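Coordinates as given in target33.pdb (PDB, C-alpha atoms):
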```
ATOM      1  CA  MET A1417       8.192  15.910 -18.685
ATOM      2  CA  LYS A1418       5.133  17.489 -20.296
ATOM      3  CA  VAL A1419       6.791  17.460 -23.741
ATOM      4  CA  ALA A1420       8.618  14.128 -23.610
ATOM      5  CA  ILE A1421       6.049  12.123 -21.639
ATOM      6  CA  GLY A1422       2.900  14.206 -21.320
ATOM      7  CA  GLY A1423       1.969  14.330 -24.997
ATOM      8  CA  PRO A1424       2.340  10.599 -25.708
ATOM      9  CA  LEU A1425       0.672   9.769 -22.377
ATOM     10  CA  LYS A1426      -2.417  11.845 -23.220
ATOM     11  CA  LEU A1427      -2.584  10.403 -26.734
ATOM     12  CA  ALA A1428      -2.286   6.816 -25.544
ATOM     13  CA  PHE A1429      -4.574   6.923 -22.493
ATOM     14  CA  ARG A1430      -6.831   9.957 -23.194
ATOM     15  CA  PRO A1431      -7.467  10.805 -19.494
ATOM     16  CA  TRP A1432     -10.712  12.668 -18.822
ATOM     17  CA  VAL A1433     -10.817  15.566 -16.372
ATOM     18  CA  GLU A1434     -13.583  17.239 -14.367
ATOM     19  CA  GLY A1435     -13.171  20.425 -12.335
ATOM     20  CA  LEU A1436     -10.073  21.770 -14.052
ATOM     21  CA  GLU A1437     -11.399  25.275 -13.399
ATOM     22  CA  ASN A1438     -10.765  24.705  -9.665
ATOM     23  CA  ILE A1439      -6.992  24.879 -10.201
ATOM     24  CA  PRO A1440      -5.876  28.520  -9.771
ATOM     25  CA  ALA A1441      -4.126  30.072 -12.764
ATOM     26  CA  GLU A1442      -1.442  31.381 -10.429
ATOM     27  CA  GLY A1443      -0.543  31.400  -6.764
ATOM     28  CA  PRO A1444       0.003  28.573  -4.265
ATOM     29  CA  ALA A1445      -2.279  25.612  -3.628
ATOM     30  CA  ILE A1446      -2.046  22.116  -2.188
ATOM     31  CA  LEU A1447      -3.389  19.245  -4.292
ATOM     32  CA  ALA A1448      -4.455  16.396  -1.996
ATOM     33  CA  SER A1449      -5.158  13.211  -3.934
ATOM     34  CA  ASN A1450      -6.075   9.601  -3.328
ATOM     35  CA  HIS A1451      -3.315   7.192  -4.352
ATOM     36  CA  LEU A1452      -4.178   4.139  -6.423
ATOM     37  CA  SER A1453      -1.157   3.623  -8.643
ATOM     38  CA  PHE A1454       2.434   4.624  -9.319
ATOM     39  CA  SER A1455       1.082   6.320 -12.460
ATOM     40  CA  ASP A1456      -0.951   8.860 -10.416
ATOM     41  CA  SER A1457       2.089  11.156 -10.300
ATOM     42  CA  PHE A1458       2.125  11.183 -14.105
ATOM     43  CA  PHE A1459      -1.540  11.520 -15.031
ATOM     44  CA  LEU A1460      -2.305  14.410 -12.674
ATOM     45  CA  PRO A1461       0.566  16.705 -13.779
ATOM     46  CA  VAL A1462       0.044  16.109 -17.521
ATOM     47  CA  VAL A1463      -3.565  17.352 -17.471
ATOM     48  CA  LEU A1464      -2.611  20.615 -15.722
ATOM     49  CA  HIS A1465      -1.086  23.702 -17.326
ATOM     50  CA  ARG A1466       0.969  24.391 -14.203
ATOM     51  CA  LYS A1467       3.816  22.445 -12.670
ATOM     52  CA  VAL A1468       3.009  20.210  -9.685
ATOM     53  CA  THR A1469       5.750  19.279  -7.228
ATOM     54  CA  PHE A1470       5.482  16.019  -5.299
ATOM     55  CA  ILE A1471       7.852  14.513  -2.741
ATOM     56  CA  ALA A1472       9.727  11.229  -3.129
ATOM     57  CA  LYS A1473      12.108   9.186  -0.999
ATOM     58  CA  ALA A1474      15.726  10.370  -1.191
ATOM     59  CA  GLU A1475      16.933   6.935  -2.311
ATOM     60  CA  TYR A1476      15.552   7.666  -5.784
ATOM     61  CA  PHE A1477      18.079  10.487  -6.069
ATOM     62  CA  THR A1478      21.149   8.956  -4.433
ATOM     63  CA  THR A1479      21.446   5.480  -5.961
ATOM     64  CA  PRO A1480      24.938   5.115  -7.489
ATOM     65  CA  GLY A1481      25.773   4.062 -11.039
ATOM     66  CA  VAL A1482      24.304   4.854 -14.445
ATOM     67  CA  LYS A1483      20.865   3.529 -13.528
ATOM     68  CA  GLY A1484      20.887   5.658 -10.378
ATOM     69  CA  ARG A1485      21.783   8.817 -12.275
ATOM     70  CA  LEU A1486      19.076   8.161 -14.862
ATOM     71  CA  THR A1487      16.520   7.535 -12.098
ATOM     72  CA  ALA A1488      17.517  10.758 -10.313
ATOM     73  CA  ALA A1489      17.303  12.755 -13.559
ATOM     74  CA  PHE A1490      13.877  11.290 -14.287
ATOM     75  CA  PHE A1491      12.411  12.126 -10.870
ATOM     76  CA  LYS A1492      13.838  15.643 -11.007
ATOM     77  CA  GLY A1493      12.335  16.045 -14.463
ATOM     78  CA  VAL A1494       8.847  15.105 -13.293
ATOM     79  CA  GLY A1495       9.010  17.570 -10.399
ATOM     80  CA  GLN A1496       9.767  15.237  -7.497
ATOM     81  CA  LEU A1497      11.586  16.526  -4.404
ATOM     82  CA  PRO A1498      13.889  14.206  -2.436
ATOM     83  CA  VAL A1499      12.927  13.615   1.205
ATOM     84  CA  ASP A1500      15.435  12.150   3.642
ATOM     85  CA  ARG A1501      13.661   9.568   5.815
ATOM     86  CA  SER A1502      16.633   8.875   8.095
ATOM     87  CA  GLY A1503      15.799  11.534  10.695
ATOM     88  CA  LYS A1504      14.263  10.877  14.092
ATOM     89  CA  ARG A1505      10.741  11.369  12.738
ATOM     90  CA  GLY A1506      11.438   9.825   9.349
ATOM     91  CA  ALA A1507       9.974  11.572   6.341
ATOM     92  CA  GLY A1508       7.401  13.575   8.339
ATOM     93  CA  ASP A1509       9.323  16.736   9.162
ATOM     94  CA  ALA A1510      11.289  16.660   5.890
ATOM     95  CA  ALA A1511       8.067  16.367   3.872
ATOM     96  CA  VAL A1512       6.456  19.254   5.718
ATOM     97  CA  LYS A1513       9.523  21.457   5.253
ATOM     98  CA  SER A1514       9.683  20.660   1.519
ATOM     99  CA  GLY A1515       5.972  21.272   1.101
ATOM    100  CA  ILE A1516       6.100  24.638   2.861
ATOM    101  CA  GLU A1517       8.998  25.747   0.659
ATOM    102  CA  VAL A1518       7.099  24.806  -2.523
ATOM    103  CA  VAL A1519       3.939  26.603  -1.402
ATOM    104  CA  GLN A1520       5.850  29.699  -0.285
ATOM    105  CA  ARG A1521       7.285  29.962  -3.806
ATOM    106  CA  GLY A1522       3.709  30.302  -5.050
ATOM    107  CA  GLU A1523       3.644  26.860  -6.671
ATOM    108  CA  LEU A1524       1.390  23.806  -6.602
ATOM    109  CA  PHE A1525       2.317  21.150  -4.057
ATOM    110  CA  GLY A1526       0.980  17.626  -4.540
ATOM    111  CA  ILE A1527       0.555  15.198  -1.660
ATOM    112  CA  TYR A1528      -1.088  11.826  -1.011
ATOM    113  CA  PRO A1529      -2.633  12.020   2.490
ATOM    114  CA  GLU A1530      -2.915   8.220   2.728
ATOM    115  CA  GLY A1531       0.879   8.083   2.742
ATOM    116  CA  THR A1532       1.077   5.087   0.417
ATOM    117  CA  ARG A1533      -0.838   3.436  -2.397
ATOM    118  CA  SER A1534      -4.137   1.776  -1.570
ATOM    119  CA  PRO A1535      -3.639  -1.997  -1.457
ATOM    120  CA  ASP A1536      -7.147  -2.818  -2.688
ATOM    121  CA  GLY A1537      -8.662   0.240  -4.366
ATOM    122  CA  ARG A1538     -10.425   1.517  -1.240
ATOM    123  CA  LEU A1539      -9.787   4.904   0.375
ATOM    124  CA  TYR A1540      -7.907   4.783   3.658
ATOM    125  CA  ARG A1541      -7.546   7.121   6.598
ATOM    126  CA  GLY A1542      -5.387  10.170   5.901
ATOM    127  CA  LYS A1543      -2.263  10.782   7.946
ATOM    128  CA  PRO A1544      -2.619  14.073   9.848
ATOM    129  CA  GLY A1545       1.020  15.191   9.627
ATOM    130  CA  GLY A1546       2.083  16.412   6.204
ATOM    131  CA  LEU A1547      -1.068  17.736   4.553
ATOM    132  CA  ALA A1548      -2.583  19.552   7.521
ATOM    133  CA  ARG A1549       0.705  20.993   8.765
ATOM    134  CA  VAL A1550       1.618  22.437   5.367
ATOM    135  CA  ALA A1551      -1.889  23.852   4.915
ATOM    136  CA  LEU A1552      -1.982  25.519   8.342
ATOM    137  CA  ALA A1553       1.595  26.794   8.144
ATOM    138  CA  THR A1554       1.079  28.462   4.755
ATOM    139  CA  GLY A1555      -2.633  29.287   4.639
ATOM    140  CA  ALA A1556      -2.759  27.855   1.108
ATOM    141  CA  PRO A1557      -6.068  26.377  -0.098
ATOM    142  CA  VAL A1558      -6.326  22.591  -0.254
ATOM    143  CA  ILE A1559      -7.789  21.199  -3.470
ATOM    144  CA  PRO A1560      -9.116  17.614  -3.189
ATOM    145  CA  VAL A1561      -8.364  15.391  -6.171
ATOM    146  CA  ALA A1562      -9.687  11.941  -7.057
ATOM    147  CA  MET A1563      -7.818   9.622  -9.415
ATOM    148  CA  ILE A1564     -10.206   7.213 -11.122
ATOM    149  CA  ASP A1565      -9.272   3.707 -12.384
ATOM    150  CA  THR A1566      -5.497   4.261 -12.377
ATOM    151  CA  GLU A1567      -5.090   1.086 -10.295
ATOM    152  CA  LYS A1568      -6.558  -0.873 -13.229
ATOM    153  CA  ILE A1569      -3.978   0.606 -15.593
ATOM    154  CA  GLN A1570      -0.972  -0.268 -13.462
ATOM    155  CA  PRO A1571      -1.699  -2.451 -10.424
ATOM    156  CA  PRO A1572       1.085  -2.846  -7.829
ATOM    157  CA  GLY A1573       3.863  -5.055  -9.172
ATOM    158  CA  LYS A1574       2.909  -4.586 -12.835
ATOM    159  CA  VAL A1575       5.524  -2.907 -15.029
ATOM    160  CA  VAL A1576       3.668  -2.744 -18.345
ATOM    161  CA  PRO A1577       0.513  -0.588 -18.074
ATOM    162  CA  LYS A1578      -2.831  -1.584 -19.554
ATOM    163  CA  LEU A1579      -4.232   0.769 -22.179
ATOM    164  CA  MET A1580      -7.491   2.172 -20.814
ATOM    165  CA  ARG A1581      -8.920   5.590 -20.015
ATOM    166  CA  PRO A1582      -8.387   6.926 -16.466
ATOM    167  CA  GLY A1583     -10.199   9.873 -14.960
ATOM    168  CA  ILE A1584      -9.387  12.806 -12.684
ATOM    169  CA  ARG A1585     -11.935  14.754 -10.630
ATOM    170  CA  ILE A1586     -10.806  18.022  -9.076
ATOM    171  CA  GLY A1587     -12.886  19.454  -6.267
ATOM    172  CA  LYS A1588     -13.395  22.993  -5.054
ATOM    173  CA  PRO A1589     -10.651  24.555  -2.890
ATOM    174  CA  LEU A1590     -10.995  24.110   0.870
ATOM    175  CA  ASP A1591     -10.159  27.021   3.171
ATOM    176  CA  PHE A1592      -8.739  26.209   6.608
ATOM    177  CA  SER A1593      -7.875  29.756   7.671
ATOM    178  CA  ARG A1594     -10.258  29.323  10.635
ATOM    179  CA  TYR A1595      -7.587  27.116  12.212
ATOM    180  CA  GLN A1596      -4.781  29.640  11.834
ATOM    181  CA  GLY A1597      -2.257  29.388  14.693
ATOM    182  CA  LEU A1598      -3.360  25.864  15.643
ATOM    183  CA  ALA A1599      -0.843  23.906  13.564
ATOM    184  CA  HIS A1600       0.413  22.064  16.652
ATOM    185  CA  ASP A1601      -3.020  20.984  17.876
ATOM    186  CA  ARG A1602      -3.339  17.285  17.014
ATOM    187  CA  PHE A1603      -7.148  17.442  17.115
ATOM    188  CA  VAL A1604      -7.131  20.271  14.570
ATOM    189  CA  LEU A1605      -4.693  18.367  12.354
ATOM    190  CA  ARG A1606      -7.001  15.360  12.501
ATOM    191  CA  ALA A1607     -10.077  17.478  11.708
ATOM    192  CA  VAL A1608      -8.414  19.119   8.690
ATOM    193  CA  THR A1609      -7.233  15.774   7.331
ATOM    194  CA  ASP A1610     -10.604  14.084   7.811
ATOM    195  CA  GLU A1611     -12.418  16.936   6.048
ATOM    196  CA  VAL A1612     -10.103  16.601   3.050
ATOM    197  CA  MET A1613     -10.480  12.804   2.974
ATOM    198  CA  TYR A1614     -14.268  13.162   3.056
ATOM    199  CA  GLU A1615     -14.170  15.407  -0.019
ATOM    200  CA  ILE A1616     -11.850  12.951  -1.803
ATOM    201  CA  MET A1617     -14.266  10.131  -0.944
ATOM    202  CA  LYS A1618     -17.177  12.057  -2.472
ATOM    203  CA  LEU A1619     -15.180  12.761  -5.628
ATOM    204  CA  SER A1620     -13.815   9.245  -6.067
ATOM    205  CA  GLY A1621     -16.809   7.176  -4.961
ATOM    206  CA  GLN A1622     -14.413   4.864  -3.107
ATOM    207  CA  GLU A1623     -15.360   2.862  -0.050
ATOM    208  CA  TYR A1624     -13.751   4.511   2.984
ATOM    209  CA  VAL A1625     -11.815   2.431   5.526
ATOM    210  CA  ASP A1626     -11.003   4.106   8.849
ATOM    211  CA  ILE A1627      -7.531   2.606   9.259
ATOM    212  CA  TYR A1628      -4.200   3.587   7.746
ATOM    213  CA  ALA A1629      -3.249   2.006   4.430
ATOM    214  CA  THR A1630       0.064   0.883   5.922
ATOM    215  CA  ALA A1631      -1.842  -1.107   8.569
ATOM    216  CA  ALA A1632      -4.090  -2.594   5.876
ATOM    217  CA  LYS A1633      -1.048  -3.691   3.867
ATOM    218  CA  ARG A1634       0.365  -5.314   6.972
ATOM    219  CA  GLN A1635      -2.911  -7.160   7.617
ATOM    220  CA  ILE A1636      -3.071  -8.335   3.999
ATOM    221  CA  ALA A1637       0.519  -9.575   4.138
ATOM    222  CA  GLU A1638      -0.112 -11.401   7.424
ATOM    223  CA  ALA A1639      -3.301 -12.980   6.033
ATOM    224  CA  ALA A1640      -1.437 -14.122   2.910
ATOM    225  CA  LYS A1641       1.331 -15.588   5.074
ATOM    226  CA  ALA A1642      -1.199 -17.377   7.284
ATOM    227  CA  GLU A1643      -2.974 -18.766   4.220
ATOM    228  CA  LYS A1644       0.320 -19.996   2.808
ATOM    229  CA  GLU A1645       1.205 -21.652   6.102
ATOM    230  CA  ALA A1646      -2.243 -23.262   6.243
ATOM    231  CA  GLU A1647      -1.839 -24.592   2.700
ATOM    232  CA  LYS A1648       1.601 -25.914   3.626
ATOM    233  CA  THR A1649       0.226 -27.602   6.750
ATOM    234  CA  ALA A1650      -2.714 -29.020   4.800
ATOM    235  CA  GLY A1651      -0.314 -30.304   2.160
ATOM    236  CA  LYS A1652       1.816 -32.048   4.772
ATOM    237  CA  ALA A1653      -1.293 -33.567   6.342
ATOM    238  CA  ALA A1654      -2.494 -34.776   2.929
ATOM    239  CA  ASP A1655       0.907 -36.306   2.185
ATOM    240  CA  LYS A1656       0.907 -38.019   5.567
ATOM    241  CA  ALA A1657      -2.619 -39.347   5.007
ATOM    242  CA  GLN A1658      -1.694 -40.560   1.522
ATOM    243  CA  LYS A1659       1.385 -42.365   2.842
ATOM    244  CA  ALA A1660      -0.708 -43.927   5.599
ATOM    245  CA  ALA A1661      -3.304 -45.069   3.062
ATOM    246  CA  LEU A1662      -0.602 -46.561   0.837
ATOM    247  CA  GLY A1663       0.885 -48.296   3.852
ATOM    248  CA  ARG A1664      -2.488 -49.811   4.742
ATOM    249  CA  ALA A1665      -3.054 -50.876   1.161
ATOM    250  CA  GLU A1666       0.346 -52.562   1.022
ATOM    251  CA  ARG A1667      -0.281 -54.342   4.328
ATOM    252  CA  GLU A1668      -3.701 -55.510   3.174
ATOM    253  CA  LYS A1669      -2.214 -56.753  -0.100
ATOM    254  CA  ALA A1670       0.530 -58.595   1.730
ATOM    255  CA  GLU A1671      -2.028 -60.150   4.080
ATOM    256  CA  LYS A1672      -4.177 -61.313   1.182
ATOM    257  CA  GLU A1673      -1.172 -62.826  -0.591
ATOM    258  CA  LYS A1674      -0.198 -64.646   2.614
ATOM    259  CA  GLN A1675      -3.711 -66.009   3.002
ATOM    260  CA  ALA A1676      -3.738 -67.152  -0.630
ATOM    261  CA  GLU A1677      -0.545 -69.132  -0.045
TER     262      GLU A1677
END
```

Here is the file; what I need is its structure written in the form of structure tokens.
Amino acid sequence: MKVAIGGPLKLAFRPWVEGLENIPAEGPAILASNHLSFSDSFFLPVVLHRKVTFIAKAEYFTTPGVKGRLTAAFFKGVGQLPVDRSGKRGAGDAAVKSGIEVVQRGELFGIYPEGTRSPDGRLYRGKPGGLARVALATGAPVIPVAMIDTEKIQPPGKVVPKLMRPGIRIGKPLDFSRYQGLAHDRFVLRAVTDEVMYEIMKLSGQEYVDIYATAAKRQIAEAAKAEKEAEKTAGKAADKAQKAALGRAEREKAEKEKQAE
């Protein structure tokens, strides 16, 4: 990935990086990043000398046919791990298990605490499951990361990226060893996640919204649907009014013609 994609990607987009010294030369660490674009999983790994392993839905690896095999090979090549979301708790437990395995091998594990891409460029509440549980189970430091302007390069739904320069800010490692043995305490999980999100907010300069991004996407979709329905209703009302006006005009014309006779 670094040879085939990384070189051309750096030449074309010239991403700038701050805080690269905060990435350990060896040993495990968890990179917790905001998530603005599909391209985040490309720009972050290419600026690092070490491999970063992210998680991805299992469907990317199991789709049949030539296209499916090429997709699976691509995601394996860029360091993605398949996560089966069909279990009772969906991707949660599978993601945690995969993350722990990566960290225990002494590698870098990348995760997006928001759980999905931001729908509008703002920073949303982090989900307390994956990030905090992996951090507390392994004792690995958590390194906050802020992707800058990647949503402008490839907004949701856009296939062809726009050529512009993105940025990456890497913060200082966060130590959560004080919570050792409390991995099942939901208040501790929330506290760890919120502390990480606060550091990401400071690095990114994003406006923080204290709801989950999935809920925000749902609200946006519902608002768009309501607006569409309102436009449809308004259109029907306008058509009805126009027909009524035409009817009146025709009646008035007929009345005038009758009077003229």

All residues 7 Å or closer to Gly1435 (chain A), all atoms listed in the file, same chain fewer than 4 positions away omitted, as a PyMOL selection string: chain A and resi 1585-1587

May I have the selected residues written with C-alpha atoms, as a tab-separated table (two decimals), in the frame of the given file?
```tsv
chain	number	residue	atom	x	y	z
A	1585	ARG	CA	-11.94	14.75	-10.63
A	1586	ILE	CA	-10.81	18.02	-9.08
A	1587	GLY	CA	-12.89	19.45	-6.27
```

CA of His1451 (chain A) to CA of Arg1549 (chain A), straight-line distance in Å: 19.5 Å

Hits of the PyMOL selection byres ((chain A and resi 1579) around 8) in this structure, as a PyMOL selection string: chain A and resi 1428-1429+1569+1577-1578+1580-1581

Residue neighbourhood Trp1432 (chain A), 8 Å, all atoms listed in the file, exclusion window fewer than 4 positions, as number ranges by chain: A: 1581-1584

Residues within 9 Å of (-8.9, 21.2, 2.4), file coords, all atoms listed in the file, listed as a PyMOL selection string: chain A and resi 1446-1448+1547-1548+1551+1557-1560+1588-1592+1608-1609+1611-1613+1615

Could you save those same residues with C-alpha atoms as a PDB file, keeping the file's coordinate frame?
```
ATOM      1  CA  ILE A1446      -2.046  22.116  -2.188  1.00  0.00           C
ATOM      2  CA  LEU A1447      -3.389  19.245  -4.292  1.00  0.00           C
ATOM      3  CA  ALA A1448      -4.455  16.396  -1.996  1.00  0.00           C
ATOM      4  CA  LEU A1547      -1.068  17.736   4.553  1.00  0.00           C
ATOM      5  CA  ALA A1548      -2.583  19.552   7.521  1.00  0.00           C
ATOM      6  CA  ALA A1551      -1.889  23.852   4.915  1.00  0.00           C
ATOM      7  CA  PRO A1557      -6.068  26.377  -0.098  1.00  0.00           C
ATOM      8  CA  VAL A1558      -6.326  22.591  -0.254  1.00  0.00           C
ATOM      9  CA  ILE A1559      -7.789  21.199  -3.470  1.00  0.00           C
ATOM     10  CA  PRO A1560      -9.116  17.614  -3.189  1.00  0.00           C
ATOM     11  CA  LYS A1588     -13.395  22.993  -5.054  1.00  0.00           C
ATOM     12  CA  PRO A1589     -10.651  24.555  -2.890  1.00  0.00           C
ATOM     13  CA  LEU A1590     -10.995  24.110   0.870  1.00  0.00           C
ATOM     14  CA  ASP A1591     -10.159  27.021   3.171  1.00  0.00           C
ATOM     15  CA  PHE A1592      -8.739  26.209   6.608  1.00  0.00           C
ATOM     16  CA  VAL A1608      -8.414  19.119   8.690  1.00  0.00           C
ATOM     17  CA  THR A1609      -7.233  15.774   7.331  1.00  0.00           C
ATOM     18  CA  GLU A1611     -12.418  16.936   6.048  1.00  0.00           C
ATOM     19  CA  VAL A1612     -10.103  16.601   3.050  1.00  0.00           C
ATOM     20  CA  MET A1613     -10.480  12.804   2.974  1.00  0.00           C
ATOM     21  CA  GLU A1615     -14.170  15.407  -0.019  1.00  0.00           C
TER      22      GLU A1615
END
```

Atom-to-atom span, CA of Tyr1624 (chain A) and CA of Phe1458 (chain A), Å: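 That distance, rounded to one decimal, is 24.3 Å.
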
Residue IDs satisfying the PyMOL selection byres ((chain A and resi 1554) around 10), as a count of residues only: 18

One-decimal distance in Å that lies between CA of Phe1470 (chain A) and CA of Gly1545 (chain A): 15.6 Å

Evaluate the PyMOL selection byres ((chain A and resi 1529-1543) around 9) and report residues as JSON, numbers by chain: {"A": [1448, 1449, 1450, 1451, 1452, 1453, 1454, 1527, 1528, 1544, 1545, 1546, 1547, 1548, 1565, 1567, 1572, 1606, 1609, 1610, 1612, 1613, 1616, 1617, 1620, 1622, 1623, 1624, 1625, 1626, 1627, 1628, 1629, 1630, 1632, 1633, 1636]}

Expected answer as an MDAnalysis selection string: all residues with atoms within 7 Å of (12.1, 17.2, -6.5), all atoms listed in the file: chainID A and resid 1469:1471 1491:1492 1495:1498

Which of A:Glu1523, A:Ser1455, A:Ala1474, A:Pro1461 sits closest to Val1575 (chain A) [using all atoms listed in the file]: A:Ser1455

For Val1499 (chain A), the nearest of the candidates A:Lys1418, A:Lys1513, A:Arg1664, A:Lys1672, counting only C-alpha atoms: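 Once distances to Val1499 (chain A) are computed over only C-alpha atoms, the minimum belongs to A:Lys1513.
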
Near-region 1463-1467 of chain A list (10 Å; all atoms listed in the file; drop same-chain fewer than 5 positions) as a ChimeraX atom specification: /A:1417-1418,1422-1423,1425-1426,1430-1433,1436,1439-1442,1458,1494-1495,1523-1526,1584
